[in-house]
>>> print(open('work33.tsv').read())   # TSV, N, CA and C atoms
chain	number	residue	atom	x	y	z
A	1	MET	N	0.84	-1.18	0.00
A	1	MET	CA	0.00	0.00	0.00
A	1	MET	C	0.88	1.24	0.00
A	2	ASP	N	0.38	2.29	-0.56
A	2	ASP	CA	1.23	3.47	-0.71
A	2	ASP	C	1.09	4.42	0.48
A	3	ALA	N	1.97	5.41	0.50
A	3	ALA	CA	2.02	6.36	1.62
A	3	ALA	C	0.74	7.18	1.73
A	4	ASP	N	0.11	7.52	0.60
A	4	ASP	CA	-1.13	8.29	0.64
A	4	ASP	C	-2.24	7.50	1.34
A	5	ALA	N	-2.32	6.21	1.06
A	5	ALA	CA	-3.33	5.37	1.70
A	5	ALA	C	-3.09	5.31	3.21
A	6	ARG	N	-1.84	5.19	3.61
A	6	ARG	CA	-1.51	5.15	5.04
A	6	ARG	C	-1.91	6.45	5.74
A	7	ARG	N	-1.61	7.58	5.10
A	7	ARG	CA	-1.97	8.88	5.67
A	7	ARG	C	-3.50	9.02	5.79
A	8	LEU	N	-4.21	8.59	4.76
A	8	LEU	CA	-5.67	8.65	4.77
A	8	LEU	C	-6.24	7.83	5.94
A	9	VAL	N	-5.73	6.64	6.12
A	9	VAL	CA	-6.22	5.76	7.19
A	9	VAL	C	-5.96	6.39	8.55
A	10	ARG	N	-4.76	6.90	8.78
A	10	ARG	CA	-4.44	7.51	10.07
A	10	ARG	C	-5.31	8.74	10.35
A	11	ARG	N	-5.51	9.55	9.33
A	11	ARG	CA	-6.33	10.76	9.49
A	11	ARG	C	-7.80	10.37	9.74
A	12	ARG	N	-8.30	9.43	8.96
A	12	ARG	CA	-9.70	9.00	9.10
A	12	ARG	C	-9.96	8.43	10.49
A	13	ALA	N	-9.00	7.72	11.05
A	13	ALA	CA	-9.15	7.10	12.37
A	13	ALA	C	-8.93	8.09	13.51
A	14	GLY	N	-8.48	9.28	13.21
A	14	GLY	CA	-8.20	10.24	14.27
A	14	GLY	C	-7.07	9.79	15.18
A	15	SER	N	-6.14	9.01	14.62
A	15	SER	CA	-4.99	8.47	15.37
A	15	SER	C	-5.42	7.63	16.58
A	16	ARG	N	-6.51	6.88	16.41
A	16	ARG	CA	-7.00	5.95	17.43
A	16	ARG	C	-7.15	4.58	16.81
A	17	CYS	N	-6.90	3.54	17.60
A	17	CYS	CA	-7.15	2.18	17.13
A	17	CYS	C	-8.64	2.08	16.82
A	18	GLU	N	-8.97	1.56	15.65
A	18	GLU	CA	-10.37	1.48	15.26
A	18	GLU	C	-11.09	0.29	15.88
A	19	TYR	N	-10.36	-0.54	16.60
A	19	TYR	CA	-10.99	-1.65	17.31
A	19	TYR	C	-11.21	-1.30	18.78
A	20	CYS	N	-10.16	-0.97	19.51
A	20	CYS	CA	-10.29	-0.73	20.96
A	20	CYS	C	-10.33	0.75	21.33
A	21	ARG	N	-10.14	1.64	20.35
A	21	ARG	CA	-10.18	3.08	20.53
A	21	ARG	C	-9.01	3.67	21.32
A	22	LEU	N	-7.96	2.90	21.51
A	22	LEU	CA	-6.77	3.43	22.19
A	22	LEU	C	-6.17	4.56	21.36
A	23	PRO	N	-5.89	5.72	21.96
A	23	PRO	CA	-5.26	6.79	21.20
A	23	PRO	C	-3.77	6.51	20.99
A	24	GLN	N	-3.27	6.84	19.81
A	24	GLN	CA	-1.87	6.61	19.46
A	24	GLN	C	-0.94	7.28	20.46
A	25	CYS	N	-1.31	8.43	21.00
A	25	CYS	CA	-0.44	9.17	21.92
A	25	CYS	C	-0.20	8.42	23.24
A	26	ALA	N	-0.97	7.35	23.49
A	26	ALA	CA	-0.86	6.63	24.76
A	26	ALA	C	0.26	5.61	24.80
A	27	VAL	N	0.82	5.28	23.64
A	27	VAL	CA	1.86	4.25	23.59
A	27	VAL	C	3.03	4.72	22.74
A	28	ASP	N	4.17	4.09	22.94
A	28	ASP	CA	5.37	4.45	22.19
A	28	ASP	C	5.42	3.81	20.81
A	29	LEU	N	4.74	2.68	20.64
A	29	LEU	CA	4.77	1.98	19.36
A	29	LEU	C	3.84	2.64	18.35
A	30	LYS	N	4.27	2.65	17.11
A	30	LYS	CA	3.44	3.22	16.05
A	30	LYS	C	2.34	2.22	15.68
A	31	PHE	N	1.11	2.72	15.56
A	31	PHE	CA	-0.01	1.86	15.19
A	31	PHE	C	0.16	1.34	13.76
A	32	HIS	N	-0.49	0.22	13.49
A	32	HIS	CA	-0.40	-0.44	12.19
A	32	HIS	C	-1.57	-0.02	11.30
A	33	VAL	N	-1.30	0.15	10.03
A	33	VAL	CA	-2.38	0.24	9.05
A	33	VAL	C	-2.57	-1.21	8.61
A	34	GLU	N	-3.72	-1.78	8.99
A	34	GLU	CA	-3.91	-3.21	8.78
A	34	GLU	C	-5.04	-3.49	7.80
A	35	HIS	N	-4.96	-4.67	7.23
A	35	HIS	CA	-6.00	-5.14	6.33
A	35	HIS	C	-7.12	-5.76	7.16
A	36	ILE	N	-8.32	-5.27	7.01
A	36	ILE	CA	-9.46	-5.83	7.73
A	36	ILE	C	-9.70	-7.25	7.25
A	37	ILE	N	-9.76	-7.41	5.95
A	37	ILE	CA	-9.78	-8.74	5.34
A	37	ILE	C	-8.37	-8.97	4.82
A	38	ALA	N	-7.70	-9.94	5.42
A	38	ALA	CA	-6.29	-10.20	5.08
A	38	ALA	C	-6.13	-10.49	3.60
A	39	LYS	N	-4.97	-10.14	3.08
A	39	LYS	CA	-4.68	-10.41	1.67
A	39	LYS	C	-4.83	-11.89	1.34
A	40	GLN	N	-4.47	-12.77	2.29
A	40	GLN	CA	-4.58	-14.20	2.04
A	40	GLN	C	-6.04	-14.64	1.85
A	41	HIS	N	-6.98	-13.79	2.29
A	41	HIS	CA	-8.41	-14.07	2.10
A	41	HIS	C	-9.00	-13.24	0.97
A	42	GLY	N	-8.16	-12.59	0.19
A	42	GLY	CA	-8.62	-11.82	-0.96
A	42	GLY	C	-8.82	-10.34	-0.69
A	43	GLY	N	-8.44	-9.86	0.48
A	43	GLY	CA	-8.57	-8.44	0.79
A	43	GLY	C	-7.55	-7.62	0.03
A	44	GLY	N	-7.92	-6.43	-0.36
A	44	GLY	CA	-7.04	-5.57	-1.13
A	44	GLY	C	-6.44	-4.45	-0.30
A	45	ASP	N	-5.71	-3.58	-0.99
A	45	ASP	CA	-5.03	-2.45	-0.36
A	45	ASP	C	-5.83	-1.16	-0.43
A	46	GLY	N	-7.07	-1.23	-0.88
A	46	GLY	CA	-7.89	-0.02	-0.97
A	46	GLY	C	-8.32	0.46	0.40
A	47	PRO	N	-8.62	1.75	0.51
A	47	PRO	CA	-8.98	2.34	1.81
A	47	PRO	C	-10.20	1.68	2.47
A	48	GLU	N	-11.07	1.07	1.68
A	48	GLU	CA	-12.24	0.41	2.25
A	48	GLU	C	-11.89	-0.88	3.00
A	49	ASN	N	-10.66	-1.37	2.84
A	49	ASN	CA	-10.22	-2.59	3.52
A	49	ASN	C	-9.09	-2.31	4.51
A	50	LEU	N	-8.84	-1.05	4.80
A	50	LEU	CA	-7.74	-0.70	5.71
A	50	LEU	C	-8.27	0.00	6.94
A	51	CYS	N	-7.61	-0.26	8.06
A	51	CYS	CA	-7.96	0.46	9.28
A	51	CYS	C	-6.71	0.63	10.13
A	52	LEU	N	-6.79	1.53	11.09
A	52	LEU	CA	-5.69	1.76	12.01
A	52	LEU	C	-5.90	0.87	13.22
A	53	SER	N	-4.85	0.16	13.61
A	53	SER	CA	-4.95	-0.81	14.69
A	53	SER	C	-3.73	-0.71	15.60
A	54	CYS	N	-3.98	-0.75	16.91
A	54	CYS	CA	-2.86	-0.82	17.84
A	54	CYS	C	-2.19	-2.18	17.69
A	55	ASP	N	-0.99	-2.30	18.20
A	55	ASP	CA	-0.26	-3.56	18.03
A	55	ASP	C	-0.98	-4.73	18.70
A	56	ARG	N	-1.62	-4.51	19.83
A	56	ARG	CA	-2.32	-5.60	20.54
A	56	ARG	C	-3.50	-6.11	19.73
A	57	CYS	N	-4.35	-5.21	19.25
A	57	CYS	CA	-5.51	-5.64	18.46
A	57	CYS	C	-5.06	-6.31	17.17
A	58	ASN	N	-4.06	-5.75	16.52
A	58	ASN	CA	-3.57	-6.33	15.28
A	58	ASN	C	-2.99	-7.72	15.51
A	59	LEU	N	-2.23	-7.88	16.57
A	59	LEU	CA	-1.63	-9.18	16.89
A	59	LEU	C	-2.71	-10.23	17.15
A	60	HIS	N	-3.70	-9.88	17.95
A	60	HIS	CA	-4.73	-10.85	18.30
A	60	HIS	C	-5.71	-11.12	17.16
A	61	LYS	N	-5.98	-10.13	16.34
A	61	LYS	CA	-6.91	-10.34	15.22
A	61	LYS	C	-6.27	-11.23	14.17
A	62	GLY	N	-5.01	-10.93	13.83
A	62	GLY	CA	-4.36	-11.71	12.79
A	62	GLY	C	-5.22	-11.71	11.52
A	63	PRO	N	-5.31	-12.84	10.82
A	63	PRO	CA	-6.12	-12.90	9.60
A	63	PRO	C	-7.57	-13.29	9.87
A	64	ASN	N	-7.97	-13.37	11.16
A	64	ASN	CA	-9.32	-13.83	11.49
A	64	ASN	C	-10.40	-12.89	10.95
A	65	LEU	N	-11.48	-13.48	10.48
A	65	LEU	CA	-12.65	-12.75	10.03
A	65	LEU	C	-13.84	-13.02	10.95
A	66	THR	N	-13.77	-14.12	11.70
A	66	THR	CA	-14.85	-14.55	12.57
A	66	THR	C	-14.27	-15.03	13.90
A	67	SER	N	-15.18	-15.19	14.88
A	67	SER	CA	-14.81	-15.80	16.15
A	67	SER	C	-16.10	-16.29	16.80
A	68	ILE	N	-15.97	-16.84	17.98
A	68	ILE	CA	-17.11	-17.38	18.71
A	68	ILE	C	-17.66	-16.33	19.67
A	69	ASP	N	-18.96	-16.06	19.59
A	69	ASP	CA	-19.62	-15.18	20.55
A	69	ASP	C	-19.65	-15.92	21.88
A	70	PRO	N	-19.04	-15.36	22.93
A	70	PRO	CA	-19.00	-16.07	24.21
A	70	PRO	C	-20.38	-16.29	24.84
A	71	LEU	N	-21.37	-15.54	24.44
A	71	LEU	CA	-22.72	-15.70	25.00
A	71	LEU	C	-23.50	-16.81	24.30
A	72	SER	N	-23.59	-16.74	22.98
A	72	SER	CA	-24.38	-17.73	22.22
A	72	SER	C	-23.58	-18.96	21.81
A	73	ARG	N	-22.25	-18.84	21.88
A	73	ARG	CA	-21.32	-19.89	21.41
A	73	ARG	C	-21.44	-20.14	19.90
A	74	GLN	N	-21.96	-19.16	19.17
A	74	GLN	CA	-22.09	-19.24	17.72
A	74	GLN	C	-20.92	-18.55	17.05
A	75	LEU	N	-20.56	-19.04	15.86
A	75	LEU	CA	-19.54	-18.41	15.04
A	75	LEU	C	-20.14	-17.15	14.42
A	76	VAL	N	-19.47	-16.00	14.62
A	76	VAL	CA	-19.99	-14.73	14.12
A	76	VAL	C	-18.86	-13.92	13.49
A	77	PRO	N	-19.21	-13.00	12.58
A	77	PRO	CA	-18.18	-12.12	12.03
A	77	PRO	C	-17.64	-11.18	13.10
A	78	LEU	N	-16.37	-10.81	12.96
A	78	LEU	CA	-15.78	-9.81	13.84
A	78	LEU	C	-16.27	-8.42	13.45
A	79	PHE	N	-16.11	-7.48	14.36
A	79	PHE	CA	-16.39	-6.07	14.08
A	79	PHE	C	-15.58	-5.64	12.87
A	80	HIS	N	-16.23	-4.96	11.94
A	80	HIS	CA	-15.59	-4.49	10.69
A	80	HIS	C	-15.61	-2.96	10.70
A	81	PRO	N	-14.46	-2.32	10.93
A	81	PRO	CA	-14.42	-0.85	11.08
A	81	PRO	C	-14.94	-0.04	9.90
A	82	ARG	N	-14.97	-0.58	8.72
A	82	ARG	CA	-15.47	0.17	7.58
A	82	ARG	C	-16.97	-0.03	7.37
A	83	GLN	N	-17.53	-1.09	7.92
A	83	GLN	CA	-18.95	-1.38	7.70
A	83	GLN	C	-19.79	-1.21	8.95
A	84	ASP	N	-19.19	-1.31	10.12
A	84	ASP	CA	-19.91	-1.27	11.38
A	84	ASP	C	-19.64	0.03	12.13
A	85	VAL	N	-20.55	0.41	13.00
A	85	VAL	CA	-20.42	1.61	13.84
A	85	VAL	C	-20.01	1.16	15.23
A	86	TRP	N	-18.89	1.68	15.73
A	86	TRP	CA	-18.32	1.24	17.01
A	86	TRP	C	-19.36	1.28	18.12
A	87	ASP	N	-20.06	2.40	18.27
A	87	ASP	CA	-21.01	2.59	19.37
A	87	ASP	C	-22.20	1.63	19.30
A	88	GLU	N	-22.43	1.00	18.17
A	88	GLU	CA	-23.51	0.02	18.06
A	88	GLU	C	-23.07	-1.37	18.51
A	89	HIS	N	-21.77	-1.57	18.64
A	89	HIS	CA	-21.23	-2.89	18.99
A	89	HIS	C	-20.51	-2.92	20.33
A	90	PHE	N	-20.11	-1.75	20.83
A	90	PHE	CA	-19.30	-1.68	22.05
A	90	PHE	C	-19.73	-0.50	22.90
A	91	GLU	N	-19.40	-0.60	24.18
A	91	GLU	CA	-19.49	0.57	25.06
A	91	GLU	C	-18.39	0.45	26.10
A	92	LEU	N	-17.93	1.59	26.57
A	92	LEU	CA	-16.94	1.62	27.63
A	92	LEU	C	-17.68	1.71	28.95
A	93	VAL	N	-17.48	0.70	29.80
A	93	VAL	CA	-18.11	0.64	31.12
A	93	VAL	C	-16.98	0.58	32.13
A	94	GLY	N	-16.76	1.70	32.81
A	94	GLY	CA	-15.61	1.77	33.71
A	94	GLY	C	-14.34	1.66	32.90
A	95	ASP	N	-13.56	0.64	33.18
A	95	ASP	CA	-12.31	0.45	32.43
A	95	ASP	C	-12.41	-0.69	31.42
A	96	GLN	N	-13.64	-1.18	31.19
A	96	GLN	CA	-13.81	-2.32	30.28
A	96	GLN	C	-14.58	-1.93	29.03
A	97	ILE	N	-14.18	-2.53	27.92
A	97	ILE	CA	-14.95	-2.44	26.69
A	97	ILE	C	-15.89	-3.63	26.70
A	98	VAL	N	-17.18	-3.34	26.61
A	98	VAL	CA	-18.20	-4.38	26.67
A	98	VAL	C	-18.85	-4.49	25.30
A	99	GLY	N	-18.91	-5.71	24.78
A	99	GLY	CA	-19.58	-5.95	23.50
A	99	GLY	C	-21.08	-5.99	23.71
A	100	SER	N	-21.83	-5.22	22.92
A	100	SER	CA	-23.28	-5.19	23.06
A	100	SER	C	-23.98	-5.99	21.97
A	101	THR	N	-23.20	-6.57	21.05
A	101	THR	CA	-23.73	-7.44	20.01
A	101	THR	C	-22.85	-8.69	19.97
A	102	ALA	N	-23.30	-9.68	19.22
A	102	ALA	CA	-22.50	-10.90	19.08
A	102	ALA	C	-21.13	-10.57	18.49
A	103	ALA	N	-21.11	-9.74	17.46
A	103	ALA	CA	-19.83	-9.35	16.84
A	103	ALA	C	-18.97	-8.59	17.83
A	104	GLY	N	-19.57	-7.71	18.60
A	104	GLY	CA	-18.82	-6.96	19.60
A	104	GLY	C	-18.23	-7.86	20.67
A	105	ARG	N	-19.04	-8.77	21.20
A	105	ARG	CA	-18.54	-9.69	22.22
A	105	ARG	C	-17.42	-10.57	21.69
A	106	ALA	N	-17.61	-11.10	20.49
A	106	ALA	CA	-16.57	-11.96	19.90
A	106	ALA	C	-15.29	-11.20	19.66
A	107	THR	N	-15.40	-9.95	19.22
A	107	THR	CA	-14.23	-9.13	18.96
A	107	THR	C	-13.50	-8.80	20.25
A	108	VAL	N	-14.23	-8.41	21.29
A	108	VAL	CA	-13.62	-8.11	22.59
A	108	VAL	C	-12.85	-9.32	23.10
A	109	GLN	N	-13.46	-10.48	23.00
A	109	GLN	CA	-12.81	-11.69	23.51
A	109	GLN	C	-11.59	-12.07	22.68
A	110	LEU	N	-11.74	-12.13	21.36
A	110	LEU	CA	-10.63	-12.53	20.49
A	110	LEU	C	-9.43	-11.59	20.64
A	111	MET	N	-9.70	-10.29	20.70
A	111	MET	CA	-8.62	-9.31	20.74
A	111	MET	C	-8.15	-9.01	22.16
A	112	GLN	N	-8.72	-9.70	23.13
A	112	GLN	CA	-8.33	-9.56	24.53
A	112	GLN	C	-8.30	-8.09	24.96
A	113	MET	N	-9.36	-7.39	24.60
A	113	MET	CA	-9.43	-5.95	24.86
A	113	MET	C	-9.48	-5.60	26.34
A	114	ASN	N	-9.82	-6.56	27.20
A	114	ASN	CA	-9.94	-6.26	28.62
A	114	ASN	C	-8.88	-6.96	29.46
A	115	SER	N	-7.72	-7.17	28.87
A	115	SER	CA	-6.61	-7.71	29.67
A	115	SER	C	-6.27	-6.70	30.75
A	116	ALA	N	-5.63	-7.17	31.80
A	116	ALA	CA	-5.33	-6.30	32.94
A	116	ALA	C	-4.53	-5.06	32.52
A	117	ARG	N	-3.52	-5.23	31.70
A	117	ARG	CA	-2.70	-4.08	31.28
A	117	ARG	C	-3.50	-3.08	30.47
A	118	ARG	N	-4.37	-3.58	29.60
A	118	ARG	CA	-5.16	-2.67	28.78
A	118	ARG	C	-6.17	-1.91	29.63
A	119	ARG	N	-6.76	-2.58	30.63
A	119	ARG	CA	-7.69	-1.92	31.53
A	119	ARG	C	-6.98	-0.85	32.35
A	120	GLN	N	-5.78	-1.14	32.85
A	120	GLN	CA	-5.01	-0.15	33.62
A	120	GLN	C	-4.69	1.07	32.76
A	121	LEU	N	-4.29	0.84	31.53
A	121	LEU	CA	-3.98	1.93	30.62
A	121	LEU	C	-5.22	2.78	30.37
A	122	ARG	N	-6.36	2.15	30.14
A	122	ARG	CA	-7.61	2.88	29.92
A	122	ARG	C	-7.97	3.74	31.13
A	123	LEU	N	-7.84	3.18	32.34
A	123	LEU	CA	-8.13	3.95	33.55
A	123	LEU	C	-7.26	5.20	33.64
A	124	ARG	N	-5.97	5.03	33.35
A	124	ARG	CA	-5.04	6.16	33.40
A	124	ARG	C	-5.42	7.21	32.37
A	125	LEU	N	-5.74	6.77	31.16
A	125	LEU	CA	-6.10	7.72	30.09
A	125	LEU	C	-7.38	8.47	30.41
A	126	VAL	N	-8.36	7.78	30.97
A	126	VAL	CA	-9.62	8.44	31.34
A	126	VAL	C	-9.33	9.48	32.43
A	127	ALA	N	-8.53	9.10	33.43
A	127	ALA	CA	-8.20	10.02	34.52
A	127	ALA	C	-7.46	11.26	34.02
A	128	GLU	N	-6.62	11.07	33.00
A	128	GLU	CA	-5.85	12.18	32.43
A	128	GLU	C	-6.63	12.97	31.38
A	129	GLY	N	-7.85	12.54	31.07
A	129	GLY	CA	-8.66	13.22	30.04
A	129	GLY	C	-8.19	12.96	28.63
A	130	LYS	N	-7.46	11.88	28.43
A	130	LYS	CA	-6.93	11.56	27.11
A	130	LYS	C	-7.73	10.48	26.40
A	131	TRP	N	-8.75	9.95	27.04
A	131	TRP	CA	-9.56	8.92	26.39
A	131	TRP	C	-10.64	9.59	25.58
>>> encode(input="work33.tsv", output="structure tokens")
Amino acid sequence: MDADARRLVRRRAGSRCEYCRLPQCAVDLKFHVEHIIAKQHGGGDGPENLCLSCDRCNLHKGPNLTSIDPLSRQLVPLFHPRQDVWDEHFELVGDQIVGSTAAGRATVQLMQMNSARRRQLRLRLVAEGKW
């Protein structure tokens, strides 16, 4: 993918992970411009298939397109940042991201969005007014 596409993705995301909403300024590592549908599954380099992802979300998502909803135990699609609206699938409750749909719950679980370190970081950012 070219530099213009990377700039577009970062600007469109407001320098926040499009999965967990972590702001880029909160960590030292540069966020990834990632393929929502991995190239190995036929995803392309166009802006409609790219999103900004923190290293943790990108690592845990990998090439996955689906996961198991922990409530229904059904296989469901993951949250898709270009097709889905974050607030319709997730909410921040205290220091936890809670999935409000099957896709939201499966995404939270697969990407381990509520690990202890991530929850501590969220608490600090909220307290500092950076969330």
>>> closest_residue(input="work33.tsv", among="A:Gly129, A:Gly104, A:Pro23, A:Gly43", to="A:Leu78", atoms="all atoms listed in the file")
A:Gly104
>>> select_by_dssp(input="work33.tsv", residues="chain A", states="alpha helix (DSSP H)", output="JSON, numbers by chain")
{"A": [3, 4, 5, 6, 7, 8, 9, 10, 11, 12, 13, 55, 56, 57, 58, 59, 60, 61, 86, 87, 88, 89, 102, 103, 104, 105, 106, 107, 108, 109, 110, 116, 117, 118, 119, 120, 121, 122, 123, 124, 125, 126, 127]}
>>> write_last_selection(input="work33.tsv", atoms="N, CA and C atoms", output="tab-separated table (two decimals), in the coordinates of the input")
chain	number	residue	atom	x	y	z
A	3	ALA	N	1.97	5.41	0.50
A	3	ALA	CA	2.02	6.36	1.62
A	3	ALA	C	0.74	7.18	1.73
A	4	ASP	N	0.11	7.52	0.60
A	4	ASP	CA	-1.13	8.29	0.64
A	4	ASP	C	-2.24	7.50	1.34
A	5	ALA	N	-2.32	6.21	1.06
A	5	ALA	CA	-3.33	5.37	1.70
A	5	ALA	C	-3.09	5.31	3.21
A	6	ARG	N	-1.84	5.19	3.61
A	6	ARG	CA	-1.51	5.15	5.04
A	6	ARG	C	-1.91	6.45	5.74
A	7	ARG	N	-1.61	7.58	5.10
A	7	ARG	CA	-1.97	8.88	5.67
A	7	ARG	C	-3.50	9.02	5.79
A	8	LEU	N	-4.21	8.59	4.76
A	8	LEU	CA	-5.67	8.65	4.77
A	8	LEU	C	-6.24	7.83	5.94
A	9	VAL	N	-5.73	6.64	6.12
A	9	VAL	CA	-6.22	5.76	7.19
A	9	VAL	C	-5.96	6.39	8.55
A	10	ARG	N	-4.76	6.90	8.78
A	10	ARG	CA	-4.44	7.51	10.07
A	10	ARG	C	-5.31	8.74	10.35
A	11	ARG	N	-5.51	9.55	9.33
A	11	ARG	CA	-6.33	10.76	9.49
A	11	ARG	C	-7.80	10.37	9.74
A	12	ARG	N	-8.30	9.43	8.96
A	12	ARG	CA	-9.70	9.00	9.10
A	12	ARG	C	-9.96	8.43	10.49
A	13	ALA	N	-9.00	7.72	11.05
A	13	ALA	CA	-9.15	7.10	12.37
A	13	ALA	C	-8.93	8.09	13.51
A	55	ASP	N	-0.99	-2.30	18.20
A	55	ASP	CA	-0.26	-3.56	18.03
A	55	ASP	C	-0.98	-4.73	18.70
A	56	ARG	N	-1.62	-4.51	19.83
A	56	ARG	CA	-2.32	-5.60	20.54
A	56	ARG	C	-3.50	-6.11	19.73
A	57	CYS	N	-4.35	-5.21	19.25
A	57	CYS	CA	-5.51	-5.64	18.46
A	57	CYS	C	-5.06	-6.31	17.17
A	58	ASN	N	-4.06	-5.75	16.52
A	58	ASN	CA	-3.57	-6.33	15.28
A	58	ASN	C	-2.99	-7.72	15.51
A	59	LEU	N	-2.23	-7.88	16.57
A	59	LEU	CA	-1.63	-9.18	16.89
A	59	LEU	C	-2.71	-10.23	17.15
A	60	HIS	N	-3.70	-9.88	17.95
A	60	HIS	CA	-4.73	-10.85	18.30
A	60	HIS	C	-5.71	-11.12	17.16
A	61	LYS	N	-5.98	-10.13	16.34
A	61	LYS	CA	-6.91	-10.34	15.22
A	61	LYS	C	-6.27	-11.23	14.17
A	86	TRP	N	-18.89	1.68	15.73
A	86	TRP	CA	-18.32	1.24	17.01
A	86	TRP	C	-19.36	1.28	18.12
A	87	ASP	N	-20.06	2.40	18.27
A	87	ASP	CA	-21.01	2.59	19.37
A	87	ASP	C	-22.20	1.63	19.30
A	88	GLU	N	-22.43	1.00	18.17
A	88	GLU	CA	-23.51	0.02	18.06
A	88	GLU	C	-23.07	-1.37	18.51
A	89	HIS	N	-21.77	-1.57	18.64
A	89	HIS	CA	-21.23	-2.89	18.99
A	89	HIS	C	-20.51	-2.92	20.33
A	102	ALA	N	-23.30	-9.68	19.22
A	102	ALA	CA	-22.50	-10.90	19.08
A	102	ALA	C	-21.13	-10.57	18.49
A	103	ALA	N	-21.11	-9.74	17.46
A	103	ALA	CA	-19.83	-9.35	16.84
A	103	ALA	C	-18.97	-8.59	17.83
A	104	GLY	N	-19.57	-7.71	18.60
A	104	GLY	CA	-18.82	-6.96	19.60
A	104	GLY	C	-18.23	-7.86	20.67
A	105	ARG	N	-19.04	-8.77	21.20
A	105	ARG	CA	-18.54	-9.69	22.22
A	105	ARG	C	-17.42	-10.57	21.69
A	106	ALA	N	-17.61	-11.10	20.49
A	106	ALA	CA	-16.57	-11.96	19.90
A	106	ALA	C	-15.29	-11.20	19.66
A	107	THR	N	-15.40	-9.95	19.22
A	107	THR	CA	-14.23	-9.13	18.96
A	107	THR	C	-13.50	-8.80	20.25
A	108	VAL	N	-14.23	-8.41	21.29
A	108	VAL	CA	-13.62	-8.11	22.59
A	108	VAL	C	-12.85	-9.32	23.10
A	109	GLN	N	-13.46	-10.48	23.00
A	109	GLN	CA	-12.81	-11.69	23.51
A	109	GLN	C	-11.59	-12.07	22.68
A	110	LEU	N	-11.74	-12.13	21.36
A	110	LEU	CA	-10.63	-12.53	20.49
A	110	LEU	C	-9.43	-11.59	20.64
A	116	ALA	N	-5.63	-7.17	31.80
A	116	ALA	CA	-5.33	-6.30	32.94
A	116	ALA	C	-4.53	-5.06	32.52
A	117	ARG	N	-3.52	-5.23	31.70
A	117	ARG	CA	-2.70	-4.08	31.28
A	117	ARG	C	-3.50	-3.08	30.47
A	118	ARG	N	-4.37	-3.58	29.60
A	118	ARG	CA	-5.16	-2.67	28.78
A	118	ARG	C	-6.17	-1.91	29.63
A	119	ARG	N	-6.76	-2.58	30.63
A	119	ARG	CA	-7.69	-1.92	31.53
A	119	ARG	C	-6.98	-0.85	32.35
A	120	GLN	N	-5.78	-1.14	32.85
A	120	GLN	CA	-5.01	-0.15	33.62
A	120	GLN	C	-4.69	1.07	32.76
A	121	LEU	N	-4.29	0.84	31.53
A	121	LEU	CA	-3.98	1.93	30.62
A	121	LEU	C	-5.22	2.78	30.37
A	122	ARG	N	-6.36	2.15	30.14
A	122	ARG	CA	-7.61	2.88	29.92
A	122	ARG	C	-7.97	3.74	31.13
A	123	LEU	N	-7.84	3.18	32.34
A	123	LEU	CA	-8.13	3.95	33.55
A	123	LEU	C	-7.26	5.20	33.64
A	124	ARG	N	-5.97	5.03	33.35
A	124	ARG	CA	-5.04	6.16	33.40
A	124	ARG	C	-5.42	7.21	32.37
A	125	LEU	N	-5.74	6.77	31.16
A	125	LEU	CA	-6.10	7.72	30.09
A	125	LEU	C	-7.38	8.47	30.41
A	126	VAL	N	-8.36	7.78	30.97
A	126	VAL	CA	-9.62	8.44	31.34
A	126	VAL	C	-9.33	9.48	32.43
A	127	ALA	N	-8.53	9.10	33.43
A	127	ALA	CA	-8.20	10.02	34.52
A	127	ALA	C	-7.46	11.26	34.02
>>> residues_around(input="work33.tsv", residues="A:Arg6", least_positions_apart="5", cutoff="9 Å", atoms="only C-alpha atoms", output="JSON, numbers by chain")
{"A": [1, 11, 33, 47, 50, 52]}
>>> atom_distance(input="work33.tsv", atom1="atom C of A:Met111", atom2="atom C of A:Ala127")
23.5 Å
>>> closest_residue(input="work33.tsv", among="A:Glu128, A:Ala26, A:Met113, A:Glu48", to="A:Gln83", atoms="only C-alpha atoms")
A:Glu48
>>> select_by_dssp(input="work33.tsv", residues="chain A", states="strand (DSSP E)", output="PyMOL selection string")
chain A and resi 32-35+50-53+66-68+75-77+90-93+96-99
>>> closest_residue(input="work33.tsv", among="A:Val98, A:Cys51, A:Leu59, A:Val9", to="A:Glu34", atoms="all atoms listed in the file")
A:Cys51
>>> atom_distance(input="work33.tsv", atom1="atom C of A:Gly14", atom2="atom N of A:Pro70")
28.9 Å
>>> closest_residue(input="work33.tsv", among="A:Glu91, A:Lys39, A:Asn49, A:Ala106", to="A:Leu71", atoms="only N, CA and C atoms")
A:Ala106
>>> closest_residue(input="work33.tsv", among="A:His41, A:Arg56, A:Arg117, A:Arg12", to="A:Leu29", atoms="only C-alpha atoms")
A:Arg56
>>> atom_distance(input="work33.tsv", atom1="atom C of A:His32", atom2="atom C of A:Gln74")
27.4 Å
>>> residues_around(input="work33.tsv", residues="A:Cys54", least_positions_apart="3", cutoff="7 Å", atoms="all atoms listed in the file", output="list in words")
Arg16, Cys17, Glu18, Tyr19, Cys20, Lys30, Phe31, His32, Cys57, Asn58 and Leu59 of chain A
>>> residues_around(input="work33.tsv", residues="A:Leu65", least_positions_apart="2", cutoff="5 Å", atoms="only N, CA and C atoms", output="MDAnalysis selection string")
chainID A and resid 63 67 77:78
>>> residues_around(input="work33.tsv", residues="A:Phe90", least_positions_apart="4", cutoff="8 Å", atoms="only N, CA and C atoms", output="ChimeraX atom specification")
/A:85-86,97-101,103-105
>>> decode(input="work33.tsv", residues="stretch 113-124 of chain A", atoms="C-alpha atoms", output="tab-separated table (two decimals), in the first residue's frame")
chain	number	residue	atom	x	y	z
A	113	MET	CA	-9.43	-5.95	24.86
A	114	ASN	CA	-9.94	-6.26	28.62
A	115	SER	CA	-6.61	-7.71	29.67
A	116	ALA	CA	-5.33	-6.30	32.94
A	117	ARG	CA	-2.70	-4.08	31.28
A	118	ARG	CA	-5.16	-2.67	28.78
A	119	ARG	CA	-7.69	-1.92	31.53
A	120	GLN	CA	-5.01	-0.15	33.62
A	121	LEU	CA	-3.98	1.93	30.62
A	122	ARG	CA	-7.61	2.88	29.92
A	123	LEU	CA	-8.13	3.95	33.55
A	124	ARG	CA	-5.04	6.16	33.40
